[in-house]
$ cat entry14.txt   # compact mmCIF, C-alpha atoms and all ligand atoms
# COMPACT_ATOMS: atom_id res chain seq x y z
CA MET V 1 -16.68 -35.07 -4.48
CA SER V 2 -14.44 -33.60 -7.12
CA THR V 3 -13.66 -30.12 -5.82
CA GLY V 4 -10.24 -29.14 -4.61
CA ARG V 5 -9.78 -28.87 -0.89
CA LEU V 6 -8.41 -25.63 0.53
CA THR V 7 -7.32 -25.88 4.15
CA ILE V 8 -7.09 -22.57 5.99
CA ASP V 9 -5.25 -22.43 9.30
CA LEU V 10 -6.49 -19.48 11.35
CA ASP V 11 -4.12 -20.34 14.20
CA ALA V 12 -1.28 -19.70 11.76
CA VAL V 13 -2.80 -16.32 10.82
CA VAL V 14 -3.02 -15.39 14.50
CA ALA V 15 0.54 -16.62 15.14
CA ASN V 16 1.77 -14.49 12.23
CA TRP V 17 -0.05 -11.43 13.56
CA ARG V 18 1.47 -12.00 17.00
CA ALA V 19 4.94 -12.42 15.50
CA LEU V 20 4.64 -9.17 13.51
CA ASP V 21 3.10 -7.38 16.50
CA GLY V 22 6.06 -8.58 18.58
CA MET V 23 8.52 -6.84 16.25
CA THR V 24 7.20 -3.41 17.15
CA THR V 25 6.31 -1.44 20.25
CA CYS V 26 3.36 0.25 18.55
CA LYS V 27 -0.15 -0.94 17.69
CA THR V 28 -0.69 -3.53 14.96
CA ALA V 29 -3.78 -3.52 12.77
CA ALA V 30 -4.72 -6.20 10.22
CA VAL V 31 -5.41 -5.74 6.52
CA VAL V 32 -8.28 -7.99 5.43
CA LYS V 33 -9.02 -6.57 1.97
CA ALA V 34 -9.81 -8.82 -0.99
CA ASN V 35 -11.69 -11.28 1.23
CA GLY V 36 -8.78 -11.56 3.63
CA TYR V 37 -6.30 -12.16 0.77
CA GLY V 38 -8.55 -14.97 -0.40
CA LEU V 39 -8.75 -16.81 2.92
CA GLY V 40 -12.16 -15.48 4.00
CA SER V 41 -12.29 -12.05 5.61
CA ALA V 42 -15.01 -12.75 8.18
CA ASN V 43 -13.27 -15.85 9.56
CA VAL V 44 -9.87 -14.18 9.53
CA ALA V 45 -11.18 -11.03 11.23
CA LYS V 46 -13.01 -13.10 13.84
CA ALA V 47 -9.88 -15.03 14.76
CA LEU V 48 -7.76 -11.89 14.88
CA PHE V 49 -10.35 -10.01 16.91
CA LYS V 50 -10.28 -12.81 19.48
CA ALA V 51 -6.51 -12.46 19.55
CA GLY V 52 -6.86 -8.76 20.38
CA VAL V 53 -6.83 -6.96 17.02
CA ARG V 54 -8.98 -3.85 17.20
CA GLN V 55 -8.31 -2.19 13.88
CA PHE V 56 -8.93 -3.61 10.42
CA PHE V 57 -8.30 -2.17 6.97
CA VAL V 58 -10.23 -2.90 3.77
CA ALA V 59 -9.73 -1.54 0.26
CA VAL V 60 -13.34 -0.55 -0.44
CA ALA V 61 -16.30 0.18 1.82
CA GLU V 62 -18.32 -2.83 0.61
CA GLU V 63 -15.67 -5.17 2.00
CA ALA V 64 -16.48 -3.94 5.50
CA ILE V 65 -20.02 -5.35 5.47
CA ALA V 66 -19.02 -8.96 6.21
CA ILE V 67 -16.56 -7.88 8.88
CA ARG V 68 -18.97 -5.58 10.69
CA GLU V 69 -21.59 -8.33 10.56
CA GLU V 70 -19.16 -10.80 12.13
CA LEU V 71 -17.59 -8.55 14.75
CA GLY V 72 -20.20 -5.97 15.66
CA PRO V 73 -19.53 -2.31 16.38
CA LYS V 74 -16.34 -2.57 18.42
CA PRO V 75 -13.37 -2.71 16.05
CA GLU V 76 -12.38 0.21 13.88
CA ILE V 77 -12.69 -0.60 10.17
CA SER V 78 -10.78 1.76 7.90
CA VAL V 79 -11.15 2.08 4.14
CA PHE V 80 -8.07 2.74 1.98
CA SER V 81 -10.07 4.10 -0.97
CA GLY V 82 -11.46 6.83 1.25
CA HIS V 83 -14.89 8.38 0.84
CA MET V 84 -16.17 8.00 -2.70
CA LYS V 85 -19.51 9.34 -3.84
CA GLY V 86 -22.00 6.57 -3.15
CA ASP V 87 -20.12 5.34 -0.06
CA THR V 88 -21.72 7.76 2.37
CA ASP V 89 -24.53 5.47 3.59
CA LEU V 90 -22.18 2.54 4.15
CA ILE V 91 -19.64 4.71 5.95
CA ARG V 92 -22.32 6.15 8.20
CA ASN V 93 -24.34 3.00 8.83
CA LEU V 94 -21.38 0.70 9.41
CA GLY V 95 -19.32 3.30 11.26
CA LEU V 96 -16.36 3.07 8.89
CA THR V 97 -13.28 5.28 8.92
CA PRO V 98 -12.42 6.39 5.38
CA MET V 99 -8.78 7.25 4.66
CA LEU V 100 -9.35 10.45 2.69
CA ASN V 101 -7.11 10.68 -0.36
CA SER V 102 -7.70 14.17 -1.74
CA VAL V 103 -9.06 17.60 -0.92
CA GLU V 104 -12.11 16.58 -2.92
CA GLN V 105 -12.69 13.55 -0.68
CA LEU V 106 -12.07 15.59 2.44
CA THR V 107 -14.59 18.23 1.36
CA HIS V 108 -17.14 15.59 0.43
CA HIS V 109 -16.66 13.85 3.78
CA LEU V 110 -16.96 17.00 5.88
CA GLU V 111 -20.05 18.06 3.93
CA THR V 112 -21.90 14.75 3.99
CA LEU V 113 -20.85 13.36 7.36
CA PRO V 114 -19.69 16.23 9.56
CA GLY V 115 -18.19 14.95 12.81
CA HIS V 116 -17.82 11.41 11.43
CA PRO V 117 -14.37 9.84 11.98
CA PHE V 118 -11.85 9.81 9.14
CA GLY V 119 -8.17 9.38 8.46
CA VAL V 120 -5.89 10.91 5.85
CA GLN V 121 -3.72 9.11 3.33
CA LEU V 122 -0.64 10.94 2.09
CA ASP V 123 1.35 10.25 -1.05
CA THR V 124 5.06 10.09 -0.27
CA GLY V 125 6.20 9.11 -3.76
CA MET V 126 4.29 6.02 -4.83
CA ASN V 127 1.86 8.15 -6.83
CA ARG V 128 -1.04 5.82 -6.33
CA LEU V 129 -3.27 7.12 -3.54
CA GLY V 130 -3.13 10.00 -1.12
CA MET V 131 -2.63 13.73 -0.90
CA GLU V 132 0.63 15.09 -2.24
CA MET V 133 2.98 17.35 -0.34
CA GLN V 134 1.58 20.64 -1.66
CA GLU V 135 -2.04 19.60 -1.43
CA TRP V 136 -1.48 18.52 2.17
CA ALA V 137 0.37 21.72 3.03
CA ALA V 138 -2.63 23.71 1.85
CA ILE V 139 -5.25 21.90 3.94
CA ALA V 140 -3.33 20.20 6.76
CA GLU V 141 -4.37 22.78 9.30
CA LEU V 142 -8.03 22.49 8.40
CA ALA V 143 -7.89 18.69 8.30
CA LEU V 144 -6.00 18.37 11.58
CA ALA V 145 -8.48 20.67 13.30
CA GLN V 146 -11.09 17.97 12.62
CA LYS V 147 -8.93 15.49 14.55
CA PRO V 148 -8.38 12.65 12.08
CA ARG V 149 -7.92 9.20 13.60
CA LEU V 150 -4.81 8.46 11.59
CA VAL V 151 -2.45 9.94 9.05
CA MET V 152 -0.87 7.27 6.86
CA SER V 153 1.20 6.63 3.77
CA HIS V 154 2.31 3.51 1.90
CA LEU V 155 5.77 2.32 0.84
CA ALA V 156 6.38 1.31 -2.77
CA CYS V 157 9.52 -0.82 -2.31
CA ALA V 158 9.37 -2.12 1.26
CA ASP V 159 10.01 -5.70 0.12
CA GLU V 160 13.51 -4.58 -0.92
CA PRO V 161 15.19 -3.52 2.34
CA ASP V 162 18.09 -1.76 0.63
CA HIS V 163 16.02 0.18 -1.85
CA PRO V 164 16.69 3.94 -1.65
CA MET V 165 12.97 4.57 -2.09
CA ASN V 166 12.42 3.44 1.52
CA PRO V 167 14.45 6.14 3.29
CA TYR V 168 13.21 8.66 0.69
CA GLN V 169 9.56 7.95 1.50
CA LEU V 170 10.33 7.89 5.23
CA ASP V 171 11.87 11.33 4.89
CA GLN V 172 8.90 12.64 2.90
CA PHE V 173 6.48 11.22 5.47
CA ARG V 174 8.40 12.88 8.28
CA LYS V 175 8.46 16.20 6.45
CA MET V 176 4.70 16.03 6.00
CA THR V 177 3.80 14.85 9.49
CA ASP V 178 6.48 15.63 12.07
CA GLY V 179 5.02 17.66 14.89
CA ILE V 180 1.39 16.62 14.45
CA THR V 181 -0.35 14.96 17.38
CA VAL V 182 -2.46 12.57 15.29
CA PRO V 183 -1.32 8.90 15.22
CA ARG V 184 0.78 8.01 12.17
CA SER V 185 1.21 4.83 10.10
CA LEU V 186 3.65 4.03 7.31
CA ALA V 187 4.45 0.31 7.46
CA ALA V 188 2.71 -2.69 5.95
CA THR V 189 4.39 -6.14 6.25
CA GLY V 190 7.56 -5.03 4.48
CA GLY V 191 7.79 -1.82 6.47
CA ILE V 192 7.61 -3.69 9.77
CA LEU V 193 10.68 -5.67 8.71
CA LEU V 194 12.57 -2.47 7.77
CA GLY V 195 12.95 -1.53 11.42
CA PRO V 196 11.66 0.73 14.17
CA GLU V 197 11.99 4.08 12.40
CA TYR V 198 9.30 2.88 9.98
CA HIS V 199 6.81 1.80 12.66
CA PHE V 200 5.33 5.07 14.02
CA ASP V 201 2.07 4.49 15.96
CA LEU V 202 0.37 1.74 13.97
CA THR V 203 1.43 -0.90 11.44
CA ARG V 204 -0.83 -2.41 8.77
CA PRO V 205 0.34 -5.92 7.85
CA GLY V 206 -1.54 -7.93 5.25
CA ILE V 207 0.45 -10.57 3.38
CA GLY V 208 2.59 -11.54 6.37
CA LEU V 209 -0.55 -12.59 8.26
CA TYR V 210 -1.38 -15.01 5.48
CA GLY V 211 2.06 -16.59 5.39
CA GLY V 212 3.56 -14.74 2.42
CA LEU V 213 6.82 -13.00 1.60
CA PRO V 214 8.43 -10.67 2.48
CA PHE V 215 7.75 -12.15 5.97
CA ASP V 216 10.04 -15.14 5.52
CA GLN V 217 9.52 -16.33 9.10
CA ALA V 218 5.76 -16.66 8.56
CA THR V 219 3.84 -19.81 9.40
CA PRO V 220 2.08 -21.13 6.28
CA ALA V 221 -1.68 -20.60 6.52
CA VAL V 222 -3.08 -22.51 3.51
CA GLU V 223 -2.81 -25.91 1.89
CA LEU V 224 -4.38 -26.94 -1.38
CA ASP V 225 -5.10 -30.51 -2.50
CA LEU V 226 -6.76 -31.40 -5.78
CA PRO V 227 -8.57 -34.72 -6.21
CA ILE V 228 -7.59 -37.07 -9.00
CA ILE V 229 -10.62 -37.80 -11.18
CA GLN V 230 -9.01 -40.30 -13.51
CA ILE V 231 -5.71 -42.06 -14.11
CA ARG V 232 -4.66 -43.46 -17.48
CA ASP V 233 -1.62 -45.09 -19.02
CA VAL V 234 -0.36 -43.53 -22.22
CA ALA V 235 2.11 -45.12 -24.62
CA GLU V 236 5.33 -43.48 -25.74
CA GLY V 237 4.45 -40.96 -28.46
CA GLU V 238 0.88 -40.32 -27.30
CA VAL V 239 -0.16 -36.75 -26.61
CA VAL V 240 -1.97 -35.15 -23.69
CA GLY V 241 -4.33 -32.18 -23.44
CA TYR V 242 -5.30 -29.18 -25.57
CA ALA V 243 -3.15 -28.47 -28.61
CA ASN V 244 -1.38 -31.80 -28.10
CA ALA V 245 0.90 -29.72 -25.93
CA TRP V 246 2.72 -32.65 -24.32
CA GLN V 247 3.94 -35.89 -25.85
CA ALA V 248 5.00 -38.90 -23.80
CA GLN V 249 8.69 -39.71 -24.20
CA ARG V 250 8.19 -43.02 -22.39
CA PRO V 251 5.22 -45.15 -21.35
CA SER V 252 3.60 -42.83 -18.83
CA ARG V 253 0.88 -42.73 -16.23
CA ILE V 254 -1.17 -39.55 -16.30
CA ALA V 255 -3.45 -38.34 -13.51
CA THR V 256 -6.18 -35.83 -14.32
CA VAL V 257 -6.87 -33.59 -11.32
CA SER V 258 -9.88 -31.39 -10.72
CA GLY V 259 -8.85 -27.74 -10.84
CA GLY V 260 -7.71 -25.29 -13.47
CA TYR V 261 -7.37 -21.70 -14.44
CA ALA V 262 -10.95 -21.02 -13.34
CA ASP V 263 -9.72 -21.87 -9.85
CA GLY V 264 -6.77 -19.50 -9.95
CA ILE V 265 -4.18 -21.97 -11.22
CA ALA V 266 -2.89 -19.84 -14.05
CA ARG V 267 -2.32 -21.17 -17.59
CA ILE V 268 1.26 -20.00 -17.39
CA LEU V 269 1.80 -23.02 -15.11
CA SER V 270 1.21 -25.34 -18.09
CA ASP V 271 4.12 -27.79 -18.32
CA LYS V 272 5.72 -25.90 -15.41
CA ALA V 273 4.01 -26.46 -12.06
CA THR V 274 4.76 -29.38 -9.81
CA PHE V 275 2.28 -31.28 -7.65
CA TYR V 276 3.36 -33.46 -4.74
CA ASP V 277 2.36 -36.87 -3.50
CA GLY V 278 3.90 -36.79 -0.05
CA ASP V 279 7.44 -35.70 -0.81
CA THR V 280 7.49 -36.96 -4.39
CA PRO V 281 7.24 -34.26 -7.07
CA CYS V 282 4.84 -34.93 -9.95
CA PRO V 283 5.15 -32.52 -12.89
CA VAL V 284 2.23 -30.93 -14.70
CA VAL V 285 2.20 -32.06 -18.33
CA GLY V 286 0.42 -30.20 -21.10
CA ARG V 287 -1.93 -27.27 -20.79
CA VAL V 288 -3.69 -26.17 -17.66
CA SER V 289 -7.30 -26.07 -18.80
CA MET V 290 -10.30 -24.38 -17.19
CA ASP V 291 -11.25 -27.20 -14.82
CA LEU V 292 -8.59 -29.85 -15.24
CA ILE V 293 -4.85 -30.36 -15.07
CA THR V 294 -2.89 -33.40 -16.23
CA VAL V 295 -0.01 -34.59 -14.07
CA ASP V 296 2.71 -37.18 -14.72
CA ILE V 297 2.63 -39.74 -11.89
CA THR V 298 4.66 -42.40 -13.72
CA ASP V 299 7.27 -42.48 -10.96
CA LEU V 300 4.81 -43.08 -8.13
CA PRO V 301 4.62 -46.66 -6.84
CA HIS V 302 0.89 -46.34 -6.18
CA ALA V 303 -2.21 -44.51 -7.41
CA PRO V 304 -3.08 -41.66 -5.04
CA ASN V 305 -6.55 -40.11 -4.88
CA LYS V 306 -5.30 -36.53 -4.59
CA LEU V 307 -2.23 -34.40 -5.20
CA ASN V 308 -0.93 -31.44 -3.25
CA LEU V 309 -0.26 -28.06 -4.91
CA ILE V 310 0.30 -25.83 -1.86
CA GLY V 311 1.70 -27.52 1.22
CA PRO V 312 4.85 -28.59 3.03
CA ASN V 313 6.83 -29.11 -0.18
CA GLN V 314 5.62 -26.04 -2.05
CA SER V 315 4.77 -22.71 -0.45
CA VAL V 316 2.47 -20.08 -1.86
CA ASP V 317 5.59 -18.14 -2.86
CA ASP V 318 7.18 -21.19 -4.53
CA LEU V 319 4.07 -21.55 -6.65
CA ALA V 320 4.05 -17.81 -7.30
CA GLN V 321 7.61 -17.99 -8.57
CA ALA V 322 6.71 -20.80 -10.97
CA ALA V 323 3.80 -18.67 -12.20
CA LYS V 324 6.02 -15.57 -12.55
CA THR V 325 3.91 -13.68 -10.03
CA ILE V 326 3.77 -12.93 -6.30
CA GLY V 327 2.17 -14.75 -3.37
CA TYR V 328 -0.43 -11.99 -3.09
CA GLU V 329 -1.83 -12.91 -6.50
CA ILE V 330 -1.83 -16.66 -5.84
CA LEU V 331 -3.79 -16.16 -2.61
CA THR V 332 -6.29 -13.64 -3.93
CA GLN V 333 -7.04 -15.83 -6.96
CA LEU V 334 -7.81 -18.95 -4.90
CA GLY V 335 -11.00 -20.27 -6.45
CA ASP V 336 -14.55 -20.15 -5.19
CA ARG V 337 -15.09 -23.78 -6.17
CA TYR V 338 -12.75 -25.21 -3.58
CA THR V 339 -14.20 -26.87 -0.53
CA ARG V 340 -12.84 -24.70 2.24
CA LYS V 341 -11.88 -26.29 5.53
CA THR V 342 -11.14 -23.53 7.99
CA PHE V 343 -9.76 -24.55 11.34
CA GLY V 344 -8.34 -22.78 14.35
CA LYS V 345 -9.83 -20.08 16.52
C1 LIG V 401 -2.52 -3.82 0.88
C2 LIG V 401 -2.06 -2.70 1.73
C3 LIG V 401 -1.42 -2.96 2.96
C4 LIG V 401 -0.97 -4.34 3.36
O1 LIG V 401 0.20 -4.63 2.63
P1 LIG V 401 1.01 -6.01 2.77
O2 LIG V 401 2.16 -5.84 1.88
O3 LIG V 401 0.06 -7.06 2.31
O4 LIG V 401 1.36 -6.17 4.21
C5 LIG V 401 -1.14 -1.88 3.78
N1 LIG V 401 -1.44 -0.61 3.39
C6 LIG V 401 -2.00 -0.32 2.21
C7 LIG V 401 -2.28 1.08 1.85
C8 LIG V 401 -2.33 -1.35 1.33
O5 LIG V 401 -2.87 -1.07 0.15
$ encode --input "entry14.txt" --output "structure tokens"
Amino acid sequence: MSTGRLTIDLDAVVANWRALDGMTTCKTAAVVKANGYGLGSANVAKALFKAGVRQFFVAVAEEAIAIREELGPKPEISVFSGHMKGDTDLIRNLGLTPMLNSVEQLTHHLETLPGHPFGVQLDTGMNRLGMEMQEWAAIAELALAQKPRLVMSHLACADEPDHPMNPYQLDQFRKMTDGITVPRSLAATGGILLGPEYHFDLTRPGIGLYGGLPFDQATPAVELDLPIIQIRDVAEGEVVGYANAWQAQRPSRIATVSGGYADGIARILSDKATFYDGDTPCPVVGRVSMDLITVDITDLPHAPNKLNLIGPNQSVDDLAQAAKTIGYEILTQLGDRYTRKTFGK
């Protein structure tokens, strides 16, 4: 078998949820959008449900199908994108709670599904989703009379604890919601770490569950090993890979592993990423191609049959840094071709 092997530790996901839940005195939901940040939303939701999670968030209504199928009618599944035209059947049939983002969405929701649960998303300065201060002021009374399940907003800079945007958005959120009796939510992973004044009634962690920054105490939840398909010795001066991008400066031993940019290992990692054999680093040489990567294993005393890309010596965030991106992107790009071994509850 020549596919990479992605090991997913659901016990780690549950431990991370418990750790984040333990930092607050309010309720803790779980964000499972983008297929559970690439780890498999149905499996992740199942494990978290067993651990006591009763509220899940997805980005779009279609993502709720797999979760409802797995968990049945009990947990609340909320949709960040709200109630778009064309979502009505899914929202009704799956019993979803759309987070309404505009007066237009609110009107559409009340017209098409009167009496059906909803929440409201407010914009406190990120300018991405949600009703703005004036819009909210105009319809808050009407919306609140329909008893929304939740009023929420999202922080733009929560991964930078000292950023002035955090207290600014907190202040805006308070101005827009102080005095209402509906439960409130402002914090994702970063917001939980900012402290109690950001917690309100419900937090919505995503990345921290999956072992990523800014939750630096997280338990890693994934490992990735790529099998070596072939090993060859190249003489000093020989070249490796597309565009002759690497040239051996000494007699070298090159391992070709199965995996490439089609599997989410970005081309920017060409000549940059490091694989590991146990604790020994083995540098990528030459271009990352679609399905293959060439790795210098000259310094290994033996010929391994696989190399590790995400594991004890290199976290998701380490790899993200090498790829000039964030852990979120590494996880959500994890390829469909990997053989997935999911263990834990
Ligand atoms: C993705 C998302 C979250 C989860 O954020 P993390 O940083 O992954 O914890 C929470 N709320 C909203 C609105 C989101 O889009």
$ closest_residue --input "entry14.txt" --among "V:Val44, V:Ala188, V:Val103, V:Leu39" --to "ligand LIG 401 (chain V)" --atoms "all atoms listed in the file"
V:Ala188
$ closest_residue --input "entry14.txt" --among "V:Gly130, V:Gly278, V:Gly115, V:Pro161" --to "ligand LIG 401 (chain V)" --atoms "only C-alpha atoms and all ligand atoms"
V:Gly130
$ residues_near_ligand --input "entry14.txt" --ligand "ligand LIG 401 (chain V)" --cutoff "6 Å" --atoms "only C-alpha atoms and all ligand atoms" --output "short mmCIF file (atom, residue, chain, number, x, y, z; two decimals) with C-alpha atoms, in the coordinates of the input"
data_model
loop_
_atom_site.label_atom_id
_atom_site.label_comp_id
_atom_site.auth_asym_id
_atom_site.auth_seq_id
_atom_site.Cartn_x
_atom_site.Cartn_y
_atom_site.Cartn_z
CA VAL V 31 -5.41 -5.74 6.52
CA HIS V 154 2.31 3.51 1.90
CA ALA V 188 2.71 -2.69 5.95
CA THR V 189 4.39 -6.14 6.25
CA ARG V 204 -0.83 -2.41 8.77
CA PRO V 205 0.34 -5.92 7.85
CA GLY V 206 -1.54 -7.93 5.25
CA ILE V 207 0.45 -10.57 3.38
CA GLY V 208 2.59 -11.54 6.37
#
$ residues_near_point --input "entry14.txt" --point "(-13.9, 5.6, 11.4)" --cutoff "10 Å" --atoms "all atoms listed in the file" --output "JSON, numbers by chain"
{"V": [55, 75, 76, 77, 78, 79, 91, 92, 94, 95, 96, 97, 98, 99, 116, 117, 118, 119, 148, 149, 150]}
$ write_last_selection --input "entry14.txt" --atoms "C-alpha atoms" --output "mmCIF file, keeping the file's coordinate frame"
data_model
loop_
_atom_site.group_PDB
_atom_site.id
_atom_site.type_symbol
_atom_site.label_atom_id
_atom_site.label_comp_id
_atom_site.auth_asym_id
_atom_site.auth_seq_id
_atom_site.Cartn_x
_atom_site.Cartn_y
_atom_site.Cartn_z
ATOM 1 C CA GLN V 55 -8.310 -2.190 13.880
ATOM 2 C CA PRO V 75 -13.370 -2.710 16.050
ATOM 3 C CA GLU V 76 -12.380 0.210 13.880
ATOM 4 C CA ILE V 77 -12.690 -0.600 10.170
ATOM 5 C CA SER V 78 -10.780 1.760 7.900
ATOM 6 C CA VAL V 79 -11.150 2.080 4.140
ATOM 7 C CA ILE V 91 -19.640 4.710 5.950
ATOM 8 C CA ARG V 92 -22.320 6.150 8.200
ATOM 9 C CA LEU V 94 -21.380 0.700 9.410
ATOM 10 C CA GLY V 95 -19.320 3.300 11.260
ATOM 11 C CA LEU V 96 -16.360 3.070 8.890
ATOM 12 C CA THR V 97 -13.280 5.280 8.920
ATOM 13 C CA PRO V 98 -12.420 6.390 5.380
ATOM 14 C CA MET V 99 -8.780 7.250 4.660
ATOM 15 C CA HIS V 116 -17.820 11.410 11.430
ATOM 16 C CA PRO V 117 -14.370 9.840 11.980
ATOM 17 C CA PHE V 118 -11.850 9.810 9.140
ATOM 18 C CA GLY V 119 -8.170 9.380 8.460
ATOM 19 C CA PRO V 148 -8.380 12.650 12.080
ATOM 20 C CA ARG V 149 -7.920 9.200 13.600
ATOM 21 C CA LEU V 150 -4.810 8.460 11.590
#
$ closest_residue --input "entry14.txt" --among "V:Glu223, V:Glu236, V:Asp318, V:Asp336" --to "Ile8 in chain V" --atoms "all atoms listed in the file"
V:Glu223
$ residues_around --input "entry14.txt" --residues "Gly264 in chain V" --least-positions-apart "5" --cutoff "8 Å" --atoms "all atoms listed in the file" --output "list in words"
Ile330, Gln333, Leu334 and Gly335 of chain V
$ closest_residue --input "entry14.txt" --among "V:Ile231, V:Val222, V:Ala158, V:Leu170" --to "Gly191 in chain V" --atoms "all atoms listed in the file"
V:Ala158
$ closest_residue --input "entry14.txt" --among "V:Asn313, V:Thr342, V:Ser185, V:Asn101" --to "Arg5 in chain V" --atoms "only C-alpha atoms"
V:Thr342
$ atom_distance --input "entry14.txt" --atom1 "CA of Cys282 in chain V" --atom2 "CA of Pro227 in chain V"
13.9 Å
$ build_atoms --input "entry14.txt" --residues "range 193-204 of chain V" --atoms "N, CA and C atoms" --output "PDB file, in the coordinates of the input"
ATOM      1  N   LEU V 193       9.376  -5.000   8.750  1.00  0.00           N
ATOM      2  CA  LEU V 193      10.680  -5.670   8.710  1.00  0.00           C
ATOM      3  C   LEU V 193      11.826  -4.686   8.477  1.00  0.00           C
ATOM      4  N   LEU V 194      11.517  -3.468   8.022  1.00  0.00           N
ATOM      5  CA  LEU V 194      12.570  -2.470   7.770  1.00  0.00           C
ATOM      6  C   LEU V 194      13.153  -1.899   9.056  1.00  0.00           C
ATOM      7  N   GLY V 195      12.396  -2.010  10.159  1.00  0.00           N
ATOM      8  CA  GLY V 195      12.950  -1.530  11.420  1.00  0.00           C
ATOM      9  C   GLY V 195      12.146  -0.425  12.055  1.00  0.00           C
ATOM     10  N   PRO V 196      12.496  -0.117  13.321  1.00  0.00           N
ATOM     11  CA  PRO V 196      11.660   0.730  14.170  1.00  0.00           C
ATOM     12  C   PRO V 196      11.361   2.112  13.619  1.00  0.00           C
ATOM     13  N   GLU V 197      12.288   2.711  12.846  1.00  0.00           N
ATOM     14  CA  GLU V 197      11.990   4.080  12.400  1.00  0.00           C
ATOM     15  C   GLU V 197      10.819   4.112  11.422  1.00  0.00           C
ATOM     16  N   TYR V 198      10.435   2.946  10.910  1.00  0.00           N
ATOM     17  CA  TYR V 198       9.300   2.880   9.980  1.00  0.00           C
ATOM     18  C   TYR V 198       7.968   2.590  10.692  1.00  0.00           C
ATOM     19  N   HIS V 199       8.009   2.335  12.007  1.00  0.00           N
ATOM     20  CA  HIS V 199       6.810   1.800  12.660  1.00  0.00           C
ATOM     21  C   HIS V 199       5.789   2.851  13.097  1.00  0.00           C
ATOM     22  N   PHE V 200       6.229   4.013  13.547  1.00  0.00           N
ATOM     23  CA  PHE V 200       5.330   5.070  14.020  1.00  0.00           C
ATOM     24  C   PHE V 200       4.329   4.514  15.048  1.00  0.00           C
ATOM     25  N   ASP V 201       3.035   4.852  14.906  1.00  0.00           N
ATOM     26  CA  ASP V 201       2.070   4.490  15.960  1.00  0.00           C
ATOM     27  C   ASP V 201       1.244   3.255  15.646  1.00  0.00           C
ATOM     28  N   LEU V 202       1.229   2.869  14.375  1.00  0.00           N
ATOM     29  CA  LEU V 202       0.370   1.740  13.970  1.00  0.00           C
ATOM     30  C   LEU V 202       0.973   1.102  12.716  1.00  0.00           C
ATOM     31  N   THR V 203       1.023  -0.221  12.678  1.00  0.00           N
ATOM     32  CA  THR V 203       1.430  -0.900  11.440  1.00  0.00           C
ATOM     33  C   THR V 203       0.201  -1.582  10.827  1.00  0.00           C
ATOM     34  N   ARG V 204       0.315  -1.882   9.529  1.00  0.00           N
ATOM     35  CA  ARG V 204      -0.830  -2.410   8.770  1.00  0.00           C
ATOM     36  C   ARG V 204      -0.438  -3.644   7.967  1.00  0.00           C
TER      37      ARG V 204
END
